[in-house]
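Take a look at the structure below.
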Amino acid sequence: MGKIYMTACMKGGCAKTVTTYNLAYSLKELGKKVLCVDFDSQANLSTCFGVENPVAVQ
């Protein structure tokens, strides 16, 4: 059974994106399957994973 982790805060600039990115990367390095869903309209997490144009990915 999988586990769900969520990073959320209404305040901007509180390290949600970098925390999510580092957690996903670390879990991947441990051999876990990871799915990150970026609900932020700025799509910064998608950009961190190398998506050049997040608007085109729908």
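Scheme for the structure tokens: letters A, B, ... for chains in order shown; per-chain residue numbers from 1; ligand numbers from 1 in order shown.
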Can you pull out the residues contacting range 24-37 of chain A? Cut-off 10 Å, using only C-alpha atoms, and skip same-chain residues under 4 positions away; I want them as a VMD selection string. chain A and resid 2 to 6 18 to 20 43 45 to 46 49
Hey, can you spit out that residue selection with N, CA, C and O atoms as a compact mmCIF listing (two decimals), in the first residue's frame?
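The resulting out01.txt:
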# COMPACT_ATOMS: atom_id res chain seq x y z
N GLY A 2 0.56 2.19 -0.82
CA GLY A 2 1.34 3.42 -0.92
C GLY A 2 1.03 4.39 0.21
O GLY A 2 0.05 4.25 0.92
N LYS A 3 1.88 5.36 0.35
CA LYS A 3 1.68 6.41 1.34
C LYS A 3 1.56 7.74 0.61
O LYS A 3 2.16 7.94 -0.45
N ILE A 4 0.77 8.62 1.16
CA ILE A 4 0.58 9.94 0.57
C ILE A 4 1.17 10.98 1.51
O ILE A 4 0.85 11.01 2.70
N TYR A 5 2.05 11.81 0.95
CA TYR A 5 2.61 12.94 1.70
C TYR A 5 2.15 14.21 1.00
O TYR A 5 2.16 14.29 -0.23
N MET A 6 1.77 15.21 1.76
CA MET A 6 1.32 16.46 1.18
C MET A 6 2.05 17.62 1.85
O MET A 6 2.23 17.63 3.06
N VAL A 18 10.65 23.39 -2.65
CA VAL A 18 11.97 22.78 -2.46
C VAL A 18 11.88 21.58 -1.51
O VAL A 18 12.57 20.58 -1.71
N THR A 19 11.00 21.63 -0.53
CA THR A 19 10.81 20.49 0.37
C THR A 19 10.23 19.30 -0.39
O THR A 19 10.70 18.16 -0.25
N THR A 20 9.23 19.56 -1.22
CA THR A 20 8.62 18.50 -2.02
C THR A 20 9.62 17.90 -2.99
O THR A 20 9.71 16.67 -3.14
N ALA A 43 3.64 26.63 -11.38
CA ALA A 43 4.26 25.38 -11.85
C ALA A 43 5.76 25.32 -11.59
O ALA A 43 6.52 24.79 -12.39
N LEU A 45 7.35 23.50 -9.34
CA LEU A 45 7.80 22.12 -9.12
C LEU A 45 7.99 21.40 -10.46
O LEU A 45 8.96 20.68 -10.64
N SER A 46 7.08 21.64 -11.39
CA SER A 46 7.21 21.04 -12.72
C SER A 46 8.50 21.52 -13.39
O SER A 46 9.21 20.74 -14.03
N PHE A 49 11.58 19.74 -12.23
CA PHE A 49 11.74 18.41 -12.80
C PHE A 49 12.06 18.45 -14.29
O PHE A 49 12.10 17.42 -14.95
Distance CA of Gln42 in chain A-CA of Lys16 in chain A, one decimal place? 12.8 Å
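All residues within range 5-58 of chain A that the backbone DSSP calculation assigns to alpha helix (DSSP H) are Lys16, Thr17, Val18, Thr19, Thr20, Tyr21, Asn22, Leu23, Ala24, Tyr25, Ser26, Leu27, Lys28, Glu29, Asn44, Leu45, Ser46, Thr47 and Cys48 of chain A.
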Could you tell me which of A:Cys9, A:Met1, A:Asn22, A:Asp38 comes closest to Val51 in chain A if we count only C-alpha atoms?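 Nearest candidate to Val51 in chain A out of A:Cys9, A:Met1, A:Asn22, A:Asp38: A:Asp38.
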